[in-house]
Every structure is written in C-alpha cells, then in structure tokens.
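Coordinates from my_file-v8.cif are shown below (mmCIF, C-alpha atoms).
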```
data_final
loop_
_atom_site.group_PDB
_atom_site.id
_atom_site.type_symbol
_atom_site.label_atom_id
_atom_site.label_comp_id
_atom_site.auth_asym_id
_atom_site.auth_seq_id
_atom_site.Cartn_x
_atom_site.Cartn_y
_atom_site.Cartn_z
ATOM 1 C CA MET W 460 88.622 72.450 160.937
ATOM 2 C CA THR W 461 91.288 74.932 162.118
ATOM 3 C CA VAL W 462 94.056 72.711 160.704
ATOM 4 C CA CYS W 463 92.268 72.503 157.326
ATOM 5 C CA LEU W 464 91.814 76.294 157.119
ATOM 6 C CA ALA W 465 95.507 76.827 157.898
ATOM 7 C CA ALA W 466 96.508 74.359 155.233
ATOM 8 C CA LEU W 467 94.310 76.066 152.679
ATOM 9 C CA LEU W 468 95.817 79.445 153.586
ATOM 10 C CA ILE W 469 99.360 78.124 153.098
ATOM 11 C CA VAL W 470 98.484 76.635 149.712
ATOM 12 C CA SER W 471 96.852 79.908 148.657
ATOM 13 C CA MET W 472 99.975 81.885 149.614
ATOM 14 C CA LEU W 473 102.237 79.492 147.712
ATOM 15 C CA VAL W 474 100.133 79.794 144.553
ATOM 16 C CA ALA W 475 99.891 83.594 144.696
ATOM 17 C CA GLY W 476 103.441 84.280 145.880
ATOM 18 C CA CYS W 477 104.265 86.496 148.847
ATOM 19 C CA THR W 478 106.539 89.475 149.445
ATOM 20 C CA SER W 479 108.266 90.488 152.648
ATOM 21 C CA ASN W 480 105.681 93.165 153.383
ATOM 22 C CA GLY W 481 102.792 90.734 153.067
ATOM 23 C CA THR W 482 101.489 91.831 149.655
ATOM 24 C CA THR W 483 101.024 89.280 146.863
ATOM 25 C CA THR W 484 102.541 89.290 143.368
ATOM 26 C CA THR W 485 101.476 87.344 140.289
ATOM 27 C CA VAL W 486 104.204 85.186 138.730
ATOM 28 C CA PRO W 487 103.911 84.839 134.900
ATOM 29 C CA ALA W 488 103.458 81.309 133.594
ATOM 30 C CA ALA W 489 106.477 81.778 131.329
ATOM 31 C CA ALA W 490 109.089 84.519 130.984
ATOM 32 C CA THR W 491 109.101 86.564 127.798
ATOM 33 C CA GLN W 492 112.198 87.137 125.699
ATOM 34 C CA ALA W 493 114.888 89.405 127.099
ATOM 35 C CA GLY W 494 113.943 93.029 126.728
ATOM 36 C CA SER W 495 110.398 92.175 125.680
ATOM 37 C CA SER W 496 107.369 94.021 126.991
ATOM 38 C CA ALA W 497 104.862 91.794 125.197
ATOM 39 C CA PRO W 498 101.695 90.947 127.130
ATOM 40 C CA THR W 499 101.672 87.667 129.044
ATOM 41 C CA THR W 500 97.976 87.176 129.725
ATOM 42 C CA ALA W 501 94.795 87.607 127.704
ATOM 43 C CA ALA W 502 93.795 90.516 129.941
ATOM 44 C CA GLN W 503 96.934 92.384 128.831
ATOM 45 C CA THR W 504 96.459 91.921 125.079
ATOM 46 C CA GLU W 505 97.651 94.944 123.075
ATOM 47 C CA THR W 506 96.958 95.870 119.456
ATOM 48 C CA LEU W 507 99.577 97.559 117.284
ATOM 49 C CA THR W 508 98.608 99.134 113.947
ATOM 50 C CA LEU W 509 100.923 99.895 111.017
ATOM 51 C CA THR W 510 100.075 101.321 107.588
ATOM 52 C CA GLY W 511 101.794 102.855 104.580
ATOM 53 C CA SER W 512 104.471 101.840 102.083
ATOM 54 C CA THR W 513 103.920 98.624 100.103
ATOM 55 C CA THR W 514 107.713 98.404 99.845
ATOM 56 C CA VAL W 515 108.096 98.244 103.618
ATOM 57 C CA LEU W 516 104.977 96.096 104.054
ATOM 58 C CA PRO W 517 106.638 92.658 103.483
ATOM 59 C CA ILE W 518 109.255 93.467 106.125
ATOM 60 C CA ALA W 519 106.650 94.764 108.579
ATOM 61 C CA GLN W 520 104.387 91.743 108.104
ATOM 62 C CA ALA W 521 107.186 89.173 108.382
ATOM 63 C CA VAL W 522 108.496 90.827 111.564
ATOM 64 C CA ALA W 523 104.934 90.959 112.948
ATOM 65 C CA ASP W 524 104.408 87.262 112.214
ATOM 66 C CA ALA W 525 107.662 86.311 113.942
ATOM 67 C CA TYR W 526 106.906 88.530 116.924
ATOM 68 C CA MET W 527 103.351 87.227 117.361
ATOM 69 C CA GLN W 528 104.565 83.639 117.130
ATOM 70 C CA ALA W 529 106.773 84.300 120.157
ATOM 71 C CA HIS W 530 104.130 86.501 121.845
ATOM 72 C CA PRO W 531 100.678 85.158 120.885
ATOM 73 C CA GLU W 532 98.837 87.727 122.982
ATOM 74 C CA ALA W 533 100.147 90.566 120.774
ATOM 75 C CA ASN W 534 97.852 91.649 117.945
ATOM 76 C CA ILE W 535 99.833 93.394 115.181
ATOM 77 C CA GLN W 536 97.853 94.633 112.177
ATOM 78 C CA VAL W 537 99.752 95.693 109.021
ATOM 79 C CA SER W 538 98.228 97.322 105.933
ATOM 80 C CA GLY W 539 99.537 99.077 102.795
ATOM 81 C CA GLY W 540 98.233 102.071 100.894
ATOM 82 C CA GLY W 541 101.481 103.875 100.065
ATOM 83 C CA SER W 542 104.023 105.983 101.907
ATOM 84 C CA GLY W 543 101.839 109.079 101.688
ATOM 85 C CA VAL W 544 99.050 107.216 103.438
ATOM 86 C CA GLY W 545 101.397 106.064 106.187
ATOM 87 C CA ILE W 546 102.859 109.511 106.817
ATOM 88 C CA GLN W 547 99.444 111.164 106.840
ATOM 89 C CA ALA W 548 98.108 108.515 109.228
ATOM 90 C CA ILE W 549 100.897 109.427 111.668
ATOM 91 C CA ILE W 550 100.228 113.141 111.262
ATOM 92 C CA ASN W 551 96.534 112.491 111.995
ATOM 93 C CA LYS W 552 97.428 110.064 114.822
ATOM 94 C CA LYS W 553 95.382 107.273 113.230
ATOM 95 C CA VAL W 554 97.970 104.486 113.628
ATOM 96 C CA ASP W 555 100.834 103.541 115.915
ATOM 97 C CA ILE W 556 103.479 103.242 113.175
ATOM 98 C CA GLY W 557 103.601 104.669 109.651
ATOM 99 C CA MET W 558 105.749 103.069 106.937
ATOM 100 C CA SER W 559 107.560 105.033 104.232
ATOM 101 C CA SER W 560 109.957 104.279 101.382
ATOM 102 C CA ALA W 561 110.540 107.974 100.705
ATOM 103 C CA ASP W 562 112.042 110.742 102.785
ATOM 104 C CA VAL W 563 109.527 112.707 104.847
ATOM 105 C CA SER W 564 109.254 116.211 103.414
ATOM 106 C CA ALA W 565 109.792 119.387 105.413
ATOM 107 C CA ALA W 566 106.122 120.263 104.905
ATOM 108 C CA GLN W 567 105.054 116.901 106.357
ATOM 109 C CA LYS W 568 107.387 117.286 109.322
ATOM 110 C CA ALA W 569 105.940 120.737 109.959
ATOM 111 C CA GLN W 570 102.504 119.162 110.452
ATOM 112 C CA ASP W 571 103.758 116.937 113.271
ATOM 113 C CA SER W 572 106.538 118.268 115.470
ATOM 114 C CA ASP W 573 106.631 114.985 117.415
ATOM 115 C CA MET W 574 107.299 112.855 114.318
ATOM 116 C CA ASN W 575 110.014 110.283 115.018
ATOM 117 C CA ILE W 576 111.604 108.758 111.888
ATOM 118 C CA ILE W 577 113.484 105.443 112.197
ATOM 119 C CA THR W 578 115.598 103.956 109.387
ATOM 120 C CA ILE W 579 114.946 100.197 109.325
ATOM 121 C CA ALA W 580 116.554 98.919 106.074
ATOM 122 C CA HIS W 581 117.998 99.847 102.664
ATOM 123 C CA ASP W 582 116.468 99.210 99.230
ATOM 124 C CA GLY W 583 116.987 99.687 95.511
ATOM 125 C CA ILE W 584 114.486 100.453 92.754
ATOM 126 C CA ALA W 585 114.790 98.088 89.800
ATOM 127 C CA ILE W 586 113.804 98.995 86.232
ATOM 128 C CA VAL W 587 111.913 95.963 84.914
ATOM 129 C CA VAL W 588 110.624 94.807 81.525
ATOM 130 C CA ASN W 589 108.834 91.735 80.244
ATOM 131 C CA PRO W 590 111.172 88.768 79.612
ATOM 132 C CA ALA W 591 110.067 88.796 75.953
ATOM 133 C CA ASN W 592 111.960 92.084 75.479
ATOM 134 C CA THR W 593 115.443 91.576 74.012
ATOM 135 C CA ILE W 594 116.866 94.631 75.800
ATOM 136 C CA GLN W 595 119.820 93.789 78.055
ATOM 137 C CA ASP W 596 120.533 97.076 79.868
ATOM 138 C CA ILE W 597 119.410 100.690 80.029
ATOM 139 C CA SER W 598 120.764 104.089 81.081
ATOM 140 C CA LEU W 599 119.015 106.449 83.472
ATOM 141 C CA ALA W 600 118.909 109.018 80.665
ATOM 142 C CA GLN W 601 116.948 106.535 78.542
ATOM 143 C CA VAL W 602 114.612 105.759 81.429
ATOM 144 C CA LYS W 603 113.957 109.476 81.866
ATOM 145 C CA GLN W 604 113.207 109.892 78.161
ATOM 146 C CA ILE W 605 110.878 106.889 78.197
ATOM 147 C CA TYR W 606 108.881 108.015 81.226
ATOM 148 C CA SER W 607 108.665 111.603 79.980
ATOM 149 C CA GLY W 608 107.183 110.339 76.702
ATOM 150 C CA ASN W 609 110.100 111.397 74.497
ATOM 151 C CA ILE W 610 110.881 107.775 73.610
ATOM 152 C CA THR W 611 107.736 105.813 72.800
ATOM 153 C CA SER W 612 109.056 102.804 70.863
ATOM 154 C CA TRP W 613 111.445 100.041 71.839
ATOM 155 C CA SER W 614 112.825 100.296 68.303
ATOM 156 C CA SER W 615 114.470 103.569 69.357
ATOM 157 C CA ILE W 616 116.719 101.769 71.862
ATOM 158 C CA SER W 617 119.586 99.624 70.631
ATOM 159 C CA GLY W 618 119.088 95.947 71.366
ATOM 160 C CA ALA W 619 115.487 96.347 72.516
ATOM 161 C CA GLY W 620 112.403 94.890 70.922
ATOM 162 C CA ILE W 621 109.565 92.417 71.202
ATOM 163 C CA ALA W 622 108.952 89.919 68.412
ATOM 164 C CA ASN W 623 105.610 90.096 66.614
ATOM 165 C CA SER W 624 104.647 93.417 68.216
ATOM 166 C CA ASN W 625 104.473 97.080 67.226
ATOM 167 C CA ASN W 626 107.191 97.806 69.822
ATOM 168 C CA GLN W 627 105.146 100.648 71.325
ATOM 169 C CA ILE W 628 106.265 101.121 74.928
ATOM 170 C CA VAL W 629 103.658 100.587 77.646
ATOM 171 C CA LEU W 630 104.540 102.763 80.648
ATOM 172 C CA VAL W 631 103.779 101.375 84.086
ATOM 173 C CA GLY W 632 104.417 103.398 87.235
ATOM 174 C CA ARG W 633 103.000 104.110 90.659
ATOM 175 C CA ASP W 634 100.207 106.303 91.982
ATOM 176 C CA SER W 635 100.755 109.690 93.606
ATOM 177 C CA SER W 636 100.721 108.356 97.204
ATOM 178 C CA SER W 637 103.630 105.997 96.509
ATOM 179 C CA GLY W 638 106.984 106.600 98.155
ATOM 180 C CA THR W 639 108.609 104.588 95.362
ATOM 181 C CA ARG W 640 107.187 107.025 92.809
ATOM 182 C CA THR W 641 108.283 110.000 94.914
ATOM 183 C CA TYR W 642 111.834 108.675 94.987
ATOM 184 C CA PHE W 643 111.788 107.689 91.300
ATOM 185 C CA ASP W 644 110.534 111.135 90.287
ATOM 186 C CA SER W 645 113.185 112.936 92.332
ATOM 187 C CA SER W 646 116.182 110.724 91.530
ATOM 188 C CA VAL W 647 115.461 109.648 87.953
ATOM 189 C CA MET W 648 112.977 112.143 86.477
ATOM 190 C CA GLN W 649 114.592 115.075 88.332
ATOM 191 C CA GLY W 650 111.660 117.439 87.955
ATOM 192 C CA VAL W 651 110.515 116.294 84.491
ATOM 193 C CA ASN W 652 106.852 115.268 84.493
ATOM 194 C CA ASP W 653 105.811 111.668 83.912
ATOM 195 C CA SER W 654 103.974 111.031 80.656
ATOM 196 C CA LEU W 655 100.185 111.164 80.917
ATOM 197 C CA THR W 656 100.103 107.739 79.249
ATOM 198 C CA MET W 657 101.683 106.080 82.296
ATOM 199 C CA HIS W 658 99.517 103.493 84.043
ATOM 200 C CA GLU W 659 99.421 104.329 87.761
ATOM 201 C CA ASP W 660 99.387 101.120 89.821
ATOM 202 C CA ASN W 661 98.832 101.143 93.573
ATOM 203 C CA SER W 662 101.551 98.721 94.688
ATOM 204 C CA ASN W 663 104.857 97.085 93.786
ATOM 205 C CA GLY W 664 102.986 93.830 93.289
ATOM 206 C CA ALA W 665 100.568 95.407 90.819
ATOM 207 C CA VAL W 666 103.446 96.844 88.749
ATOM 208 C CA LEU W 667 105.183 93.457 88.783
ATOM 209 C CA GLN W 668 102.032 91.709 87.579
ATOM 210 C CA GLU W 669 101.279 94.207 84.801
ATOM 211 C CA VAL W 670 104.821 94.115 83.416
ATOM 212 C CA ALA W 671 104.868 90.304 83.629
ATOM 213 C CA GLN W 672 101.637 90.115 81.618
ATOM 214 C CA THR W 673 102.396 92.886 79.085
ATOM 215 C CA PRO W 674 105.213 92.161 76.576
ATOM 216 C CA ASN W 675 105.811 95.841 75.683
ATOM 217 C CA ALA W 676 105.741 97.159 79.258
ATOM 218 C CA ILE W 677 108.388 98.817 81.423
ATOM 219 C CA GLY W 678 108.024 99.462 85.156
ATOM 220 C CA TYR W 679 109.933 100.091 88.364
ATOM 221 C CA ILE W 680 109.717 98.126 91.637
ATOM 222 C CA SER W 681 111.583 97.564 94.887
ATOM 223 C CA ILE W 682 114.292 94.894 94.658
ATOM 224 C CA GLY W 683 112.445 93.068 97.434
ATOM 225 C CA TYR W 684 109.698 92.270 94.904
ATOM 226 C CA LEU W 685 111.892 90.969 92.079
ATOM 227 C CA THR W 686 110.959 87.576 90.614
ATOM 228 C CA SER W 687 111.753 85.668 87.429
ATOM 229 C CA ASP W 688 108.403 86.882 86.026
ATOM 230 C CA VAL W 689 110.147 90.088 84.941
ATOM 231 C CA LYS W 690 113.602 91.054 83.659
ATOM 232 C CA ALA W 691 115.493 93.472 85.909
ATOM 233 C CA LEU W 692 117.730 95.672 83.753
ATOM 234 C CA PRO W 693 121.284 96.609 84.734
ATOM 235 C CA ILE W 694 121.843 100.372 84.671
ATOM 236 C CA GLN W 695 124.523 101.566 82.254
ATOM 237 C CA LEU W 696 126.580 104.299 83.890
ATOM 238 C CA ALA W 697 128.186 107.201 81.992
ATOM 239 C CA ASN W 698 131.527 105.341 81.933
ATOM 240 C CA GLY W 699 129.920 102.283 80.353
ATOM 241 C CA THR W 700 129.845 100.182 83.528
ATOM 242 C CA MET W 701 126.758 98.006 83.983
ATOM 243 C CA ILE W 702 125.340 97.787 87.521
ATOM 244 C CA ALA W 703 122.583 95.254 88.198
ATOM 245 C CA PRO W 704 119.968 95.903 90.905
ATOM 246 C CA THR W 705 121.021 93.438 93.601
ATOM 247 C CA VAL W 706 121.364 93.335 97.362
ATOM 248 C CA ALA W 707 125.149 93.517 96.943
ATOM 249 C CA THR W 708 125.111 96.636 94.722
ATOM 250 C CA VAL W 709 122.591 98.383 96.955
ATOM 251 C CA LYS W 710 124.706 97.473 99.968
ATOM 252 C CA ASP W 711 127.876 98.990 98.481
ATOM 253 C CA LYS W 712 125.847 101.855 96.936
ATOM 254 C CA THR W 713 127.196 101.290 93.430
ATOM 255 C CA TYR W 714 123.653 100.804 92.131
ATOM 256 C CA PRO W 715 122.463 104.349 91.393
ATOM 257 C CA ILE W 716 118.827 104.082 92.517
ATOM 258 C CA HIS W 717 119.151 103.181 96.204
ATOM 259 C CA ARG W 718 117.299 104.551 99.232
ATOM 260 C CA ASP W 719 116.482 104.047 102.905
ATOM 261 C CA LEU W 720 113.249 102.592 104.295
ATOM 262 C CA TYR W 721 111.536 104.059 107.354
ATOM 263 C CA MET W 722 109.067 103.489 110.135
ATOM 264 C CA ILE W 723 107.573 106.563 111.795
ATOM 265 C CA THR W 724 105.998 107.122 115.207
ATOM 266 C CA ASN W 725 104.565 110.085 117.073
ATOM 267 C CA GLY W 726 107.303 110.749 119.598
ATOM 268 C CA GLN W 727 109.482 108.017 121.051
ATOM 269 C CA PRO W 728 107.714 104.643 120.841
ATOM 270 C CA THR W 729 106.542 102.956 124.028
ATOM 271 C CA GLY W 730 104.955 99.653 124.988
ATOM 272 C CA LEU W 731 104.286 97.185 122.199
ATOM 273 C CA ALA W 732 105.385 99.663 119.512
ATOM 274 C CA LYS W 733 108.812 99.990 121.139
ATOM 275 C CA ASP W 734 109.111 96.245 121.631
ATOM 276 C CA TYR W 735 108.196 95.560 117.999
ATOM 277 C CA LEU W 736 110.678 98.136 116.672
ATOM 278 C CA ASP W 737 113.414 96.926 119.021
ATOM 279 C CA PHE W 738 112.914 93.415 117.624
ATOM 280 C CA LEU W 739 112.984 94.700 114.031
ATOM 281 C CA LEU W 740 116.269 96.518 114.674
ATOM 282 C CA SER W 741 117.807 93.571 116.545
ATOM 283 C CA PRO W 742 120.093 91.048 114.770
ATOM 284 C CA ASP W 743 117.179 88.588 114.512
ATOM 285 C CA GLY W 744 114.895 91.261 113.080
ATOM 286 C CA GLN W 745 117.507 92.341 110.548
ATOM 287 C CA LYS W 746 117.821 88.708 109.421
ATOM 288 C CA ILE W 747 114.140 88.931 108.480
ATOM 289 C CA VAL W 748 114.921 92.083 106.461
ATOM 290 C CA VAL W 749 117.536 90.115 104.513
ATOM 291 C CA ALA W 750 115.208 87.129 104.060
ATOM 292 C CA GLN W 751 112.657 89.481 102.465
ATOM 293 C CA GLY W 752 115.205 90.551 99.828
ATOM 294 C CA TYR W 753 116.265 93.893 101.293
ATOM 295 C CA VAL W 754 119.527 95.187 102.749
ATOM 296 C CA ALA W 755 120.015 95.164 106.509
ATOM 297 C CA LEU W 756 121.355 98.119 108.463
ATOM 298 C CA ASN W 757 125.107 98.110 109.173
ATOM 299 C CA SER W 758 125.609 95.211 106.774
#
```
Any chance you could give the structure as structure tokens?
Amino acid sequence: MTVCLAALLIVSMLVAGCTSNGTTTTVPAAATQAGSSAPTTAAQTETLTLTGSTTVLPIAQAVADAYMQAHPEANIQVSGGGSGVGIQAIINKKVDIGMSSADVSAAQKAQDSDMNIITIAHDGIAIVVNPANTIQDISLAQVKQIYSGNITSWSSISGAGIANSNNQIVLVGRDSSSGTRTYFDSSVMQGVNDSLTMHEDNSNGAVLQEVAQTPNAIGYISIGYLTSDVKALPIQLANGTMIAPTVATVKDKTYPIHRDLYMITNGQPTGLAKDYLDFLLSPDGQKIVVAQGYVALNS
C-alpha cells in the first residue's frame, strides 16, 4: 500500500508540475501566439465589446474573426451604430472600444480626459451614382451644389443623365451620428447645410443599396464598401486632373476626400483589448485591413 501511495504522489506531481520551492504551477495545454494574452481555458474566457462606425466595422469584425479563430476562448462582440454612438459609448464607459471614422471633437474629448485615440487605417469617401447615369466624373464644387440643393437635375451637369427619367436628382446621405457624414460635411460642404430633401441612411451599406436601386440617386460611401452595383465617380480637380477613389490614390493622398480611421479606449488598453489592438496593428492585422479594401498604416 505504501508503494502504491508513493507512486500515485509521483504521478500527481508530474501532472501538476513542481517548482523548486514545492509549489505547483499549471502548464497550458498549448502556448498562445507570441505576445498574446488571450485566455487559455474556459474559466479564463474574456468578452470584448466594440461599437460605432459602420466604416470601421468590417475591419473590426474581420480582425475579431481571425483573432477568435486563433483564440477560441475569446468572445469579441462588434456592432455598428455610427461614429457618434461609438464615441459616446466610450465617454459613458459602456464598451471596451469605440470605433470612429471622424476626428473626435474637442468637446467630446473634454467629456473624457482618459480618452485614448488610436489610428488603425486610412480611407477615402467615394461619390457614387447608379450605373444607369451617363456621368463620368464630378467636381467637389458640383457635389457641394448638389447636396446643398442648388443643383436638382442631372440635366444641369454636362455628360450626366438617365434615359427615360425626369433627371431629378435623388440625394442620399448619412444620418447625424455618422462619422462619414461629419467628415463629408466638413471637407466637402464646408459649413453649407445639406438639403432637407436628402435621405438619411444609417450605414454605408444602406447608402450603397439605395443608390444601386435608384437610377437618379447620388450618395457617398467609404471605399471599403465599393462594389460594381454603383459607379464611383472620379473627382475633377481645379486643374482638370481626374482622380478616382482607389486604395492607391488614398494611399498617396492625391484623392481629395481621404481620412483616418480610429479605435478609442478609456486610457491605455489592457488585457484582451490590448491584445486585440496589438494584433490589428501588427503586419498580419494590417493585411486584414487591406483585404477589406482600406489602406494600411505605413503603406
């Protein structure tokens, strides 16, 4: 019996592991990736919540999916709602990470002195019309006149028009919580109010769908959402140069409507939030940014 008990004790020590001072340590079944702090057992499961910009959302979700595939015990929940929603959720400490496609205002920063803003990618805003429209390019001055309501017919723009229609322009834009609208209003409208006839959609995807289904429509979306369902118009510069909204022209900043994309935390991120953001900013994470149609940092 004594021999059996000794044998059992030895086996128990080998399974648990033993340190020089006699205390035991638990050895993980498998090592996590270098630099990762992801949980390794069900008892250590962590949940990470992100909300905000629908422009940033595809990046955030794709990075979350890749991270959770490597770390199945991590639970990362991503939702949209607009940049304003994401920033306010951080101010109110409702989520771990807020997402924004617009700069955080001084007034917003004043509400949260611990706000930590991290640039995660670059983006461009494309002016889009229905493929039925014969227009081939547009100037920012024309866009401003259209969205202010001073130009209401495609017949007023050279080369534009939709066969078998009255050519009345259907304005499609974003709602007030949208970071894309905030940036569009500041960089394109420059203080001029949007026309009251503008349809206010709540996401890039909704704008894309409405323009794709409405022959007379015009809208604006992130380049990450561009598909063949709409026609993205090159911008005609003052010198006559045409610049199309592409990853390359956003990267070299020749496309005039370009911006940064952000993730925001309360103070320096720790735990799963830090690990997730570190992965996003790593070379592998930035490859996901590119795969989603956006421009990586330092590219």
Excluding same-chain residues fewer than 4 positions from Asn698 (chain W), what lies within 12 Å of it counting only C-alpha atoms, as an mmCIF file with C-alpha atoms, in the frame of the given file?
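selection17.cif written:
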```cif
data_model
loop_
_atom_site.group_PDB
_atom_site.id
_atom_site.type_symbol
_atom_site.label_atom_id
_atom_site.label_comp_id
_atom_site.auth_asym_id
_atom_site.auth_seq_id
_atom_site.Cartn_x
_atom_site.Cartn_y
_atom_site.Cartn_z
ATOM 1 C CA SER W 598 120.764 104.089 81.081
ATOM 2 C CA ILE W 694 121.843 100.372 84.671
ATOM 3 C CA ILE W 702 125.340 97.787 87.521
#
```
| field | Pick from W:Thr713, W:Gln567, W:Thr641, W:Thr510, whichever lies nearest to Thr700 (chain W) using all atoms listed in the file | value |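 The shortest atom-to-atom distance to Thr700 (chain W) comes from W:Thr713.
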| said: Set the distance at 6 Å and use all atoms listed in the file: which residues neighbour region 610-617 of chain W once local chain neighbours fewer than 2 positions away are removed? I'd like the list as a list in words. | reply: Gln604, Ile605, Gly608, Ala619, Gly620, Asn626, Gln627 and Ile628 of chain W
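The interatomic distance for the pair CA of Gln547 (chain W) and CA of Gly511 (chain W) works out to 8.9 Å.
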| query | Which one of W:Asp573, W:Val749, W:Leu509, W:Val651 sits closest to Ile550 (chain W) if you count only C-alpha atoms? | reply | W:Asp573
Quick one: apply the PyMOL selection byres ((chain W and resi 579-592) around 7) to the file and drop the selected residues here as a PDB file with C-alpha atoms, keeping the file's coordinate frame.
```pdb
ATOM      1  CA  ILE W 577     113.484 105.443 112.197  1.00  0.00           C
ATOM      2  CA  THR W 578     115.598 103.956 109.387  1.00  0.00           C
ATOM      3  CA  THR W 593     115.443  91.576  74.012  1.00  0.00           C
ATOM      4  CA  ILE W 594     116.866  94.631  75.800  1.00  0.00           C
ATOM      5  CA  ALA W 619     115.487  96.347  72.516  1.00  0.00           C
ATOM      6  CA  GLY W 620     112.403  94.890  70.922  1.00  0.00           C
ATOM      7  CA  ILE W 621     109.565  92.417  71.202  1.00  0.00           C
ATOM      8  CA  VAL W 670     104.821  94.115  83.416  1.00  0.00           C
ATOM      9  CA  ALA W 671     104.868  90.304  83.629  1.00  0.00           C
ATOM     10  CA  THR W 673     102.396  92.886  79.085  1.00  0.00           C
ATOM     11  CA  PRO W 674     105.213  92.161  76.576  1.00  0.00           C
ATOM     12  CA  ASN W 675     105.811  95.841  75.683  1.00  0.00           C
ATOM     13  CA  ALA W 676     105.741  97.159  79.258  1.00  0.00           C
ATOM     14  CA  ILE W 677     108.388  98.817  81.423  1.00  0.00           C
ATOM     15  CA  GLY W 678     108.024  99.462  85.156  1.00  0.00           C
ATOM     16  CA  TYR W 679     109.933 100.091  88.364  1.00  0.00           C
ATOM     17  CA  ILE W 680     109.717  98.126  91.637  1.00  0.00           C
ATOM     18  CA  SER W 681     111.583  97.564  94.887  1.00  0.00           C
ATOM     19  CA  ILE W 682     114.292  94.894  94.658  1.00  0.00           C
ATOM     20  CA  VAL W 689     110.147  90.088  84.941  1.00  0.00           C
ATOM     21  CA  LYS W 690     113.602  91.054  83.659  1.00  0.00           C
ATOM     22  CA  ALA W 691     115.493  93.472  85.909  1.00  0.00           C
ATOM     23  CA  LEU W 692     117.730  95.672  83.753  1.00  0.00           C
ATOM     24  CA  PRO W 704     119.968  95.903  90.905  1.00  0.00           C
ATOM     25  CA  VAL W 709     122.591  98.383  96.955  1.00  0.00           C
ATOM     26  CA  ILE W 716     118.827 104.082  92.517  1.00  0.00           C
ATOM     27  CA  HIS W 717     119.151 103.181  96.204  1.00  0.00           C
ATOM     28  CA  ARG W 718     117.299 104.551  99.232  1.00  0.00           C
ATOM     29  CA  ASP W 719     116.482 104.047 102.905  1.00  0.00           C
ATOM     30  CA  LEU W 720     113.249 102.592 104.295  1.00  0.00           C
ATOM     31  CA  TYR W 721     111.536 104.059 107.354  1.00  0.00           C
ATOM     32  CA  MET W 722     109.067 103.489 110.135  1.00  0.00           C
ATOM     33  CA  LEU W 740     116.269  96.518 114.674  1.00  0.00           C
ATOM     34  CA  TYR W 753     116.265  93.893 101.293  1.00  0.00           C
ATOM     35  CA  VAL W 754     119.527  95.187 102.749  1.00  0.00           C
ATOM     36  CA  ALA W 755     120.015  95.164 106.509  1.00  0.00           C
ATOM     37  CA  LEU W 756     121.355  98.119 108.463  1.00  0.00           C
TER      38      LEU W 756
END
```
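Put simply, CA of Gln649 (chain W) is 27.1 Å away from CA of Gly752 (chain W).
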